[in-house]
file start17.cif (mmCIF, C-alpha atoms)
data_final
loop_
_atom_site.group_PDB
_atom_site.id
_atom_site.type_symbol
_atom_site.label_atom_id
_atom_site.label_comp_id
_atom_site.auth_asym_id
_atom_site.auth_seq_id
_atom_site.Cartn_x
_atom_site.Cartn_y
_atom_site.Cartn_z
ATOM 1 C CA MET O 23 8.257 -18.844 23.087
ATOM 2 C CA TYR O 24 5.946 -16.768 25.263
ATOM 3 C CA ASP O 25 4.235 -19.726 26.969
ATOM 4 C CA GLN O 26 5.025 -20.024 30.640
ATOM 5 C CA PRO O 27 5.792 -23.373 32.353
ATOM 6 C CA SER O 28 2.711 -24.905 33.921
ATOM 7 C CA THR O 29 4.488 -25.559 37.226
ATOM 8 C CA PHE O 30 5.363 -21.888 37.739
ATOM 9 C CA GLN O 31 3.222 -18.865 36.975
ATOM 10 C CA PRO O 32 5.236 -15.635 37.154
ATOM 11 C CA ASP O 33 3.473 -12.367 37.870
ATOM 12 C CA PRO O 34 2.913 -10.364 34.647
ATOM 13 C CA SER O 35 3.253 -7.157 36.653
ATOM 14 C CA GLU O 36 6.798 -7.993 37.784
ATOM 15 C CA PRO O 37 9.852 -6.394 36.098
ATOM 16 C CA GLY O 38 11.401 -8.582 33.408
ATOM 17 C CA PHE O 39 8.182 -10.390 32.501
ATOM 18 C CA ARG O 40 7.537 -10.435 28.749
ATOM 19 C CA ILE O 41 3.946 -10.042 27.607
ATOM 20 C CA ASP O 42 2.555 -11.857 24.569
ATOM 21 C CA PRO O 43 3.336 -9.525 21.635
ATOM 22 C CA VAL O 44 -0.319 -9.664 20.595
ATOM 23 C CA LEU O 45 -1.126 -7.771 23.804
ATOM 24 C CA ALA O 46 2.161 -5.944 24.407
ATOM 25 C CA ARG O 47 1.827 -2.298 25.430
ATOM 26 C CA SER O 48 5.388 -0.959 25.925
ATOM 27 C CA TRP O 49 7.891 -1.669 23.132
ATOM 28 C CA LEU O 50 11.282 -0.529 24.443
ATOM 29 C CA LEU O 51 13.986 0.413 21.931
ATOM 30 C CA VAL O 52 17.556 -0.231 23.117
ATOM 31 C CA ASN O 53 20.640 0.964 21.247
ATOM 32 C CA GLY O 54 22.210 -2.124 19.698
ATOM 33 C CA ALA O 55 25.678 -0.598 19.875
ATOM 34 C CA GLN O 56 25.498 -0.333 23.680
ATOM 35 C CA TYR O 57 25.581 -3.886 25.002
ATOM 36 C CA ASP O 58 25.659 -2.739 28.616
ATOM 37 C CA ARG O 59 22.077 -1.496 28.237
ATOM 38 C CA PHE O 60 20.654 -4.861 27.179
ATOM 39 C CA ALA O 61 20.449 -6.486 30.621
ATOM 40 C CA PRO O 62 18.896 -3.465 32.399
ATOM 41 C CA ALA O 63 16.308 -3.266 29.619
ATOM 42 C CA ALA O 64 15.522 -6.962 30.030
ATOM 43 C CA ARG O 65 14.908 -6.367 33.757
ATOM 44 C CA SER O 66 12.667 -3.374 33.113
ATOM 45 C CA ARG O 67 8.890 -3.229 32.966
ATOM 46 C CA ALA O 68 8.911 -3.269 29.167
ATOM 47 C CA ASP O 69 6.447 -5.725 27.685
ATOM 48 C CA ILE O 70 8.779 -6.192 24.701
ATOM 49 C CA VAL O 71 12.464 -5.260 24.401
ATOM 50 C CA ILE O 72 13.695 -4.316 20.909
ATOM 51 C CA LEU O 73 17.428 -4.211 20.236
ATOM 52 C CA ASP O 74 17.788 -1.380 17.739
ATOM 53 C CA ILE O 75 20.345 -1.717 14.951
ATOM 54 C CA GLU O 76 18.653 0.828 12.714
ATOM 55 C CA ASP O 77 18.304 4.554 13.538
ATOM 56 C CA ALA O 78 20.127 4.337 16.861
ATOM 57 C CA VAL O 79 23.308 2.994 15.240
ATOM 58 C CA ALA O 80 25.657 4.934 12.962
ATOM 59 C CA PRO O 81 26.712 3.160 9.736
ATOM 60 C CA LYS O 82 30.252 2.640 11.047
ATOM 61 C CA ASP O 83 28.870 0.815 14.104
ATOM 62 C CA LYS O 84 26.409 -1.529 12.356
ATOM 63 C CA VAL O 85 28.730 -4.540 12.402
ATOM 64 C CA ASP O 86 29.502 -4.140 16.103
ATOM 65 C CA ALA O 87 25.794 -3.753 16.881
ATOM 66 C CA ARG O 88 24.998 -6.965 15.006
ATOM 67 C CA GLU O 89 27.679 -8.794 16.968
ATOM 68 C CA ASN O 90 26.165 -7.516 20.205
ATOM 69 C CA VAL O 91 22.742 -8.805 19.159
ATOM 70 C CA VAL O 92 24.088 -12.227 18.198
ATOM 71 C CA ARG O 93 25.939 -12.464 21.518
ATOM 72 C CA TRP O 94 22.799 -11.564 23.467
ATOM 73 C CA LEU O 95 20.527 -13.965 21.586
ATOM 74 C CA ALA O 96 23.122 -16.750 21.812
ATOM 75 C CA ASP O 97 22.773 -16.580 25.594
ATOM 76 C CA GLY O 98 19.184 -17.775 25.283
ATOM 77 C CA ASN O 99 17.429 -14.408 25.176
ATOM 78 C CA THR O 100 14.501 -14.091 22.766
ATOM 79 C CA ASP O 101 14.103 -10.345 22.495
ATOM 80 C CA TRP O 102 13.132 -8.493 19.331
ATOM 81 C CA VAL O 103 15.363 -6.562 16.922
ATOM 82 C CA ARG O 104 14.637 -3.445 14.879
ATOM 83 C CA ILE O 105 16.346 -3.996 11.561
ATOM 84 C CA ASN O 106 17.240 -1.636 8.743
ATOM 85 C CA GLY O 107 14.727 -0.992 6.001
ATOM 86 C CA PHE O 108 14.290 -2.964 2.809
ATOM 87 C CA GLY O 109 16.625 -1.633 0.129
ATOM 88 C CA THR O 110 19.214 -0.200 2.508
ATOM 89 C CA PRO O 111 22.809 -1.474 2.374
ATOM 90 C CA TRP O 112 22.291 -3.264 5.717
ATOM 91 C CA TRP O 113 18.911 -5.016 5.333
ATOM 92 C CA ALA O 114 20.164 -8.286 3.804
ATOM 93 C CA ASP O 115 23.052 -8.593 6.275
ATOM 94 C CA ASP O 116 20.692 -7.960 9.186
ATOM 95 C CA LEU O 117 18.472 -10.825 8.060
ATOM 96 C CA GLU O 118 21.375 -13.170 7.446
ATOM 97 C CA MET O 119 22.638 -12.443 10.940
ATOM 98 C CA LEU O 120 19.241 -13.177 12.521
ATOM 99 C CA SER O 121 18.455 -16.292 10.474
ATOM 100 C CA ASN O 122 20.343 -18.575 12.849
ATOM 101 C CA THR O 123 19.229 -17.009 16.129
ATOM 102 C CA GLY O 124 16.270 -17.351 18.455
ATOM 103 C CA VAL O 125 15.076 -13.802 17.849
ATOM 104 C CA GLY O 126 11.568 -13.220 19.167
ATOM 105 C CA GLY O 127 10.543 -11.008 16.276
ATOM 106 C CA VAL O 128 11.645 -8.086 14.156
ATOM 107 C CA MET O 129 10.497 -4.517 13.738
ATOM 108 C CA LEU O 130 11.118 -3.645 10.096
ATOM 109 C CA ALA O 131 11.926 0.028 9.562
ATOM 110 C CA MET O 132 10.683 2.280 6.776
ATOM 111 C CA VAL O 133 8.041 -0.043 5.336
ATOM 112 C CA GLU O 134 6.553 1.474 2.185
ATOM 113 C CA GLY O 135 5.192 -1.529 0.322
ATOM 114 C CA VAL O 136 4.006 -5.105 0.566
ATOM 115 C CA ASP O 137 7.265 -6.477 -0.828
ATOM 116 C CA HIS O 138 9.216 -4.968 2.051
ATOM 117 C CA VAL O 139 7.359 -7.281 4.415
ATOM 118 C CA THR O 140 7.025 -10.342 2.220
ATOM 119 C CA GLU O 141 10.707 -10.405 1.274
ATOM 120 C CA THR O 142 11.690 -10.046 4.919
ATOM 121 C CA ALA O 143 9.281 -12.842 5.880
ATOM 122 C CA ARG O 144 10.697 -15.065 3.127
ATOM 123 C CA ARG O 145 14.182 -14.765 4.604
ATOM 124 C CA LEU O 146 12.985 -15.058 8.201
ATOM 125 C CA PRO O 147 10.159 -17.617 8.066
ATOM 126 C CA ASP O 148 7.987 -17.973 11.178
ATOM 127 C CA VAL O 149 9.405 -14.797 12.738
ATOM 128 C CA PRO O 150 6.715 -12.181 13.533
ATOM 129 C CA ILE O 151 7.232 -8.843 11.797
ATOM 130 C CA VAL O 152 6.061 -5.468 13.038
ATOM 131 C CA ALA O 153 5.828 -3.187 10.009
ATOM 132 C CA LEU O 154 7.062 0.270 11.036
ATOM 133 C CA VAL O 155 5.405 2.740 8.679
ATOM 134 C CA GLU O 156 7.162 6.119 8.731
ATOM 135 C CA THR O 157 6.406 7.986 5.498
ATOM 136 C CA ALA O 158 3.532 9.399 3.487
ATOM 137 C CA ARG O 159 4.190 6.753 0.852
ATOM 138 C CA GLY O 160 3.872 4.020 3.457
ATOM 139 C CA LEU O 161 0.699 5.512 4.908
ATOM 140 C CA GLU O 162 -0.940 5.591 1.474
ATOM 141 C CA ARG O 163 -0.276 1.837 1.194
ATOM 142 C CA ILE O 164 -1.021 0.901 4.786
ATOM 143 C CA THR O 165 -4.081 -1.208 3.985
ATOM 144 C CA GLU O 166 -2.037 -3.429 1.673
ATOM 145 C CA ILE O 167 0.878 -3.531 4.120
ATOM 146 C CA ALA O 168 -1.436 -4.626 6.934
ATOM 147 C CA SER O 169 -2.787 -7.446 4.748
ATOM 148 C CA ALA O 170 0.649 -8.596 3.572
ATOM 149 C CA LYS O 171 1.680 -12.140 4.385
ATOM 150 C CA GLY O 172 4.071 -11.823 7.297
ATOM 151 C CA THR O 173 2.747 -8.615 8.876
ATOM 152 C CA PHE O 174 2.130 -9.249 12.575
ATOM 153 C CA ARG O 175 1.394 -5.713 13.795
ATOM 154 C CA LEU O 176 1.659 -2.178 12.480
ATOM 155 C CA ALA O 177 3.695 0.554 14.170
ATOM 156 C CA PHE O 178 3.681 4.305 13.585
ATOM 157 C CA GLY O 179 7.114 5.913 13.140
ATOM 158 C CA ILE O 180 6.068 9.401 14.169
ATOM 159 C CA GLY O 181 9.439 11.166 13.998
ATOM 160 C CA ASP O 182 10.272 10.199 10.436
ATOM 161 C CA PHE O 183 6.658 10.662 9.365
ATOM 162 C CA ARG O 184 6.687 14.253 10.617
ATOM 163 C CA ARG O 185 9.999 14.915 8.883
ATOM 164 C CA ASP O 186 8.612 13.455 5.664
ATOM 165 C CA THR O 187 5.339 15.399 5.739
ATOM 166 C CA GLY O 188 6.202 18.558 7.676
ATOM 167 C CA PHE O 189 3.409 17.856 10.171
ATOM 168 C CA GLY O 190 3.573 19.108 13.755
ATOM 169 C CA ASP O 191 3.061 16.922 16.826
ATOM 170 C CA ASN O 192 -0.402 18.170 17.807
ATOM 171 C CA PRO O 193 -2.716 15.157 18.243
ATOM 172 C CA ALA O 194 -5.255 16.786 15.942
ATOM 173 C CA THR O 195 -2.631 17.101 13.201
ATOM 174 C CA LEU O 196 -1.817 13.391 13.363
ATOM 175 C CA ALA O 197 -5.406 12.234 13.883
ATOM 176 C CA TYR O 198 -5.871 11.139 10.286
ATOM 177 C CA ALA O 199 -2.645 9.136 10.292
ATOM 178 C CA ARG O 200 -3.422 7.392 13.574
ATOM 179 C CA SER O 201 -6.929 6.585 12.392
ATOM 180 C CA ARG O 202 -5.531 4.982 9.253
ATOM 181 C CA PHE O 203 -3.297 2.714 11.342
ATOM 182 C CA THR O 204 -6.143 1.551 13.559
ATOM 183 C CA ILE O 205 -8.581 0.982 10.719
ATOM 184 C CA ALA O 206 -6.025 -0.871 8.582
ATOM 185 C CA ALA O 207 -5.072 -3.133 11.469
ATOM 186 C CA LYS O 208 -8.667 -3.973 12.299
ATOM 187 C CA ALA O 209 -9.605 -4.551 8.670
ATOM 188 C CA ALA O 210 -6.703 -7.001 8.314
ATOM 189 C CA GLN O 211 -7.627 -8.704 11.623
ATOM 190 C CA LEU O 212 -4.289 -7.793 13.191
ATOM 191 C CA PRO O 213 -3.728 -6.826 16.812
ATOM 192 C CA SER O 214 -4.196 -3.094 17.274
ATOM 193 C CA ALA O 215 -1.428 -0.792 16.075
ATOM 194 C CA ILE O 216 1.583 0.420 18.063
ATOM 195 C CA ASP O 217 1.919 4.190 18.398
ATOM 196 C CA GLY O 218 5.187 6.040 18.038
ATOM 197 C CA PRO O 219 7.368 7.260 20.890
ATOM 198 C CA THR O 220 7.158 10.406 22.972
ATOM 199 C CA VAL O 221 10.416 12.341 23.235
ATOM 200 C CA GLY O 222 11.325 13.879 26.580
ATOM 201 C CA SER O 223 11.314 13.004 30.247
ATOM 202 C CA SER O 224 8.090 14.729 31.329
ATOM 203 C CA ALA O 225 5.844 12.147 32.985
ATOM 204 C CA ARG O 226 2.807 14.334 32.403
ATOM 205 C CA LYS O 227 3.567 14.722 28.701
ATOM 206 C CA LEU O 228 4.053 10.963 28.329
ATOM 207 C CA SER O 229 0.837 10.222 30.193
ATOM 208 C CA GLU O 230 -1.097 12.624 27.976
ATOM 209 C CA ALA O 231 0.483 11.167 24.836
ATOM 210 C CA THR O 232 -0.396 7.635 25.937
ATOM 211 C CA ALA O 233 -3.979 8.720 26.507
ATOM 212 C CA VAL O 234 -4.029 9.969 22.908
ATOM 213 C CA SER O 235 -2.774 6.563 21.722
ATOM 214 C CA ALA O 236 -5.567 4.843 23.623
ATOM 215 C CA GLU O 237 -8.158 7.311 22.305
ATOM 216 C CA PHE O 238 -7.240 6.309 18.757
ATOM 217 C CA GLY O 239 -7.532 2.599 19.531
ATOM 218 C CA MET O 240 -3.780 1.954 19.566
ATOM 219 C CA THR O 241 -2.866 -0.625 22.186
ATOM 220 C CA GLY O 242 0.948 -0.403 22.088
ATOM 221 C CA LYS O 243 3.497 2.403 22.200
ATOM 222 C CA ILE O 244 7.205 2.582 21.436
ATOM 223 C CA CYS O 245 9.306 3.623 24.448
ATOM 224 C CA LEU O 246 12.726 5.260 24.365
ATOM 225 C CA THR O 247 13.832 4.613 27.964
ATOM 226 C CA PRO O 248 12.974 1.964 30.576
ATOM 227 C CA GLU O 249 11.511 4.726 32.750
ATOM 228 C CA GLN O 250 8.762 5.346 30.190
ATOM 229 C CA CYS O 251 7.446 1.772 30.303
ATOM 230 C CA PRO O 252 5.423 1.856 33.567
ATOM 231 C CA THR O 253 3.544 4.992 32.467
ATOM 232 C CA VAL O 254 2.777 3.500 29.054
ATOM 233 C CA ASN O 255 1.707 0.189 30.596
ATOM 234 C CA GLU O 256 -0.656 1.931 32.981
ATOM 235 C CA GLY O 257 -2.126 4.156 30.298
ATOM 236 C CA LEU O 258 -2.790 1.245 27.924
ATOM 237 C CA SER O 259 -4.214 -1.120 30.556
ATOM 238 C CA PRO O 260 -7.799 -1.379 31.784
ATOM 239 C CA SER O 261 -8.424 1.191 34.501
ATOM 240 C CA GLN O 262 -9.758 0.344 37.950
ATOM 241 C CA GLU O 263 -13.034 1.967 36.930
ATOM 242 C CA GLU O 264 -13.285 -0.238 33.835
ATOM 243 C CA ILE O 265 -12.529 -3.376 35.849
ATOM 244 C CA SER O 266 -15.155 -2.431 38.437
ATOM 245 C CA TRP O 267 -17.698 -1.780 35.692
ATOM 246 C CA ALA O 268 -16.999 -5.176 34.077
ATOM 247 C CA ARG O 269 -17.383 -7.049 37.349
ATOM 248 C CA GLU O 270 -20.555 -5.165 38.227
ATOM 249 C CA PHE O 271 -22.000 -5.760 34.774
ATOM 250 C CA PHE O 272 -21.506 -9.525 34.996
ATOM 251 C CA ALA O 273 -22.944 -9.588 38.529
ATOM 252 C CA GLU O 274 -26.036 -7.751 37.306
ATOM 253 C CA PHE O 275 -26.243 -9.956 34.224
ATOM 254 C CA GLN O 276 -26.248 -13.117 36.340
ATOM 255 C CA ARG O 277 -28.796 -11.691 38.772
ATOM 256 C CA ASP O 278 -31.100 -11.161 35.796
ATOM 257 C CA GLY O 279 -30.821 -14.809 34.819
ATOM 258 C CA GLY O 280 -27.787 -14.751 32.523
ATOM 259 C CA GLU O 281 -29.946 -14.364 29.420
ATOM 260 C CA ILE O 282 -29.639 -11.731 26.693
ATOM 261 C CA ARG O 283 -32.009 -8.931 27.666
ATOM 262 C CA ASN O 284 -31.619 -6.427 24.841
ATOM 263 C CA GLY O 285 -29.449 -5.482 21.877
ATOM 264 C CA SER O 286 -26.788 -3.825 24.035
ATOM 265 C CA ASP O 287 -25.949 -6.963 26.031
ATOM 266 C CA LEU O 288 -23.796 -8.659 23.388
ATOM 267 C CA PRO O 289 -21.400 -5.725 22.877
ATOM 268 C CA ARG O 290 -21.284 -5.133 26.646
ATOM 269 C CA ILE O 291 -20.437 -8.792 27.271
ATOM 270 C CA ALA O 292 -17.651 -8.525 24.712
ATOM 271 C CA ARG O 293 -16.305 -5.323 26.247
ATOM 272 C CA ALA O 294 -16.461 -6.659 29.808
ATOM 273 C CA ASN O 295 -14.752 -9.916 28.834
ATOM 274 C CA LYS O 296 -12.002 -8.020 27.054
ATOM 275 C CA ILE O 297 -11.393 -5.781 30.073
ATOM 276 C CA LEU O 298 -11.151 -8.723 32.469
ATOM 277 C CA ASP O 299 -9.018 -10.812 30.109
ATOM 278 C CA LEU O 300 -6.570 -7.951 29.609
ATOM 279 C CA ALA O 301 -6.431 -7.203 33.314
ATOM 280 C CA LYS O 302 -5.579 -10.851 33.970
ATOM 281 C CA ALA O 303 -2.936 -10.904 31.221
ATOM 282 C CA TYR O 304 -1.311 -7.788 32.668
ATOM 283 C CA GLY O 305 -1.476 -8.973 36.297
ATOM 284 C CA ILE O 306 -3.980 -6.341 37.420
ATOM 285 C CA HIS O 307 -6.007 -7.732 40.353
ATOM 286 C CA GLU O 308 -5.784 -11.148 38.742
ATOM 287 C CA SER O 309 -6.784 -12.979 41.932
ATOM 288 C CA ASP O 310 -10.046 -11.045 42.100
ATOM 289 C CA PHE O 311 -11.486 -12.689 39.017
ATOM 290 C CA GLY O 312 -9.161 -15.517 38.047
ATOM 291 C CA ASP O 313 -12.001 -18.058 38.311
ATOM 292 C CA ASP O 314 -14.968 -15.678 38.400
ATOM 293 C CA PRO O 315 -18.102 -17.655 37.444
ATOM 294 C CA ASP O 316 -19.681 -14.402 36.233
ATOM 295 C CA HIS O 317 -16.961 -14.033 33.584
ATOM 296 C CA VAL O 318 -18.800 -15.865 30.825
ATOM 297 C CA PRO O 319 -17.461 -16.279 27.269
ATOM 298 C CA ALA O 320 -18.670 -13.752 24.726
ATOM 299 C CA PRO O 321 -19.940 -14.885 21.330
ATOM 300 C CA SER O 322 -16.901 -15.224 19.061
ATOM 301 C CA ASP O 323 -18.235 -12.816 16.458
ATOM 302 C CA THR O 324 -18.361 -9.903 18.899
ATOM 303 C CA PHE O 325 -14.999 -10.238 20.645
ATOM 304 C CA HIS O 326 -11.841 -9.028 18.971
ATOM 305 C CA TYR O 327 -8.477 -7.860 20.180
#
call {"tool": "encode", "arguments": {"input": "start17.cif", "output": "structure tokens"}}
result
Amino acid sequence: MYDQPSTFQPDPSEPGFRIDPVLARSWLLVNGAQYDRFAPAARSRADIVILDIEDAVAPKDKVDARENVVRWLADGNTDWVRINGFGTPWWADDLEMLSNTGVGGVMLAMVEGVDHVTETARRLPDVPIVALVETARGLERITEIASAKGTFRLAFGIGDFRRDTGFGDNPATLAYARSRFTIAAKAAQLPSAIDGPTVGSSARKLSEATAVSAEFGMTGKICLTPEQCPTVNEGLSPSQEEISWAREFFAEFQRDGGEIRNGSDLPRIARANKILDLAKAYGIHESDFGDDPDHVPAPSDTFHY
């Protein structure tokens, strides 16, 4: 559903373009009870739009929110939906509602065990599932959750996790939790984990929080407003300095004959290829290296998203 027609190549940097969820940086939550917000979100710079029928929607409004989602998806949209957690009174109805739609994927709230994912996947076959882990119980089982059949990516529900544990929001306080997400995702050969949202409108605070996400190897971040998406996208994309380094490395490598010179070349080839591939996927100076002969494939065993 994310493949683009061969006769037309839209610019990934343009508003409204959806990025492959394997690479998606900004995951924008939109209140499912507020239909008027769906279209503006779809035109935003969010890599993925998630219609939220879980925390954002009061119990009395769940039915209306589901109807809004069905109406939106029936118009040919393939956005994602955050559904209520396994075992809640709304989980089964959420899945029944989505089973006959073209939903792009689901973010499953409050995942605390493998069965939460596998039962959801059984009812929604072939629909990618982001497992949103939000409690100490879920974190203790994150390795198994990451390896569960049906888990597509992991996401960190920071707000509920802090309420559950009593932790503060200092990056050092949450370092262990973030590390667990990244390690579990890599061990299960999943795309890197999605970090939780940053509350507030301070651009500086959001930029600093996104830098923390990147420092812990997390390549996505939940956004609460469309205005947060450009900052998150920039912070989780290759920088101009990284792109310049990658191009210069390949130029030097070719000048030296294109042969492995020492033990550091293989990991540097992998890193440079990843930087250039991501920059192309995100529409960052794509024309500069779209057909760059110096951009040679890295050995498959050293290159991982």
call {"tool": "closest_atom_pairs", "arguments": {"input": "start17.cif", "of": "region 119-194 of chain O", "to": "region 234-249 of chain O", "cutoff": "9 Å", "atoms": "only C-alpha atoms", "output": "tab-separated table"}}
result
residue	atom	partner	partner_atom	distance
O:Ala177	CA	O:Lys243	CA	8.2
O:Phe178	CA	O:Ile244	CA	8.8
O:Gly179	CA	O:Ile244	CA	8.9
O:Pro193	CA	O:Val234	CA	7.1
call {"tool": "atom_distance", "arguments": {"input": "start17.cif", "atom1": "CA of Gln211 (chain O)", "atom2": "CA of Ala64 (chain O)"}}
result
29.6 Å
call {"tool": "closest_residue", "arguments": {"input": "start17.cif", "among": "O:Gly109, O:Asp115, O:Ala233, O:Cys251", "to": "Arg65 (chain O)", "atoms": "only C-alpha atoms"}}
result
O:Cys251
call {"tool": "closest_residue", "arguments": {"input": "start17.cif", "among": "O:Asp86, O:Ala80, O:Pro147, O:Asp101", "to": "Ser121 (chain O)", "atoms": "all atoms listed in the file"}}
result
O:Pro147
call {"tool": "residues_around", "arguments": {"input": "start17.cif", "residues": "Arg145 (chain O)", "least_positions_apart": "5", "cutoff": "10 Å", "atoms": "only C-alpha atoms", "output": "VMD selection string"}}
result
chain O and resid 114 117 to 118 120 to 121 140
call {"tool": "atom_distance", "arguments": {"input": "start17.cif", "atom1": "CA of Ile216 (chain O)", "atom2": "CA of Asp137 (chain O)"}}
result
20.9 Å
call {"tool": "resolve_selection", "arguments": {"input": "start17.cif", "expression": "the PyMOL selection byres ((chain O and resi 149) around 10)", "output": "list in words"}}
result
Trp102, Leu120, Ser121, Gly124, Val125, Gly126, Gly127, Val128, Thr142, Ala143, Arg144, Arg145, Leu146, Pro147, Asp148, Pro150, Ile151, Val152, Gly172, Thr173 and Phe174 of chain O
call {"tool": "atom_distance", "arguments": {"input": "start17.cif", "atom1": "CA of Asn99 (chain O)", "atom2": "CA of Ala153 (chain O)"}}
result
22.1 Å
call {"tool": "resolve_selection", "arguments": {"input": "start17.cif", "expression": "the PyMOL selection byres ((chain O and resi 49) around 7)", "output": "list in words"}}
result
Arg47, Ser48, Leu50, Leu51, Ala68, Asp69, Ile70, Val71, Ile72, Lys243, Ile244 and Cys245 of chain O
call {"tool": "resolve_selection", "arguments": {"input": "start17.cif", "expression": "the PyMOL selection byres ((chain O and resi 180) around 9)", "output": "tab-separated table (two decimals) with C-alpha atoms, in the frame of the given file"}}
result
chain	number	residue	atom	x	y	z
O	155	VAL	CA	5.40	2.74	8.68
O	156	GLU	CA	7.16	6.12	8.73
O	157	THR	CA	6.41	7.99	5.50
O	178	PHE	CA	3.68	4.30	13.58
O	179	GLY	CA	7.11	5.91	13.14
O	181	GLY	CA	9.44	11.17	14.00
O	182	ASP	CA	10.27	10.20	10.44
O	183	PHE	CA	6.66	10.66	9.36
O	184	ARG	CA	6.69	14.25	10.62
O	185	ARG	CA	10.00	14.92	8.88
O	191	ASP	CA	3.06	16.92	16.83
O	196	LEU	CA	-1.82	13.39	13.36
O	217	ASP	CA	1.92	4.19	18.40
O	218	GLY	CA	5.19	6.04	18.04
O	219	PRO	CA	7.37	7.26	20.89
O	220	THR	CA	7.16	10.41	22.97
call {"tool": "closest_residue", "arguments": {"input": "start17.cif", "among": "O:Glu263, O:Phe108, O:Arg200, O:Glu36", "to": "Glu141 (chain O)", "atoms": "only C-alpha atoms"}}
result
O:Phe108
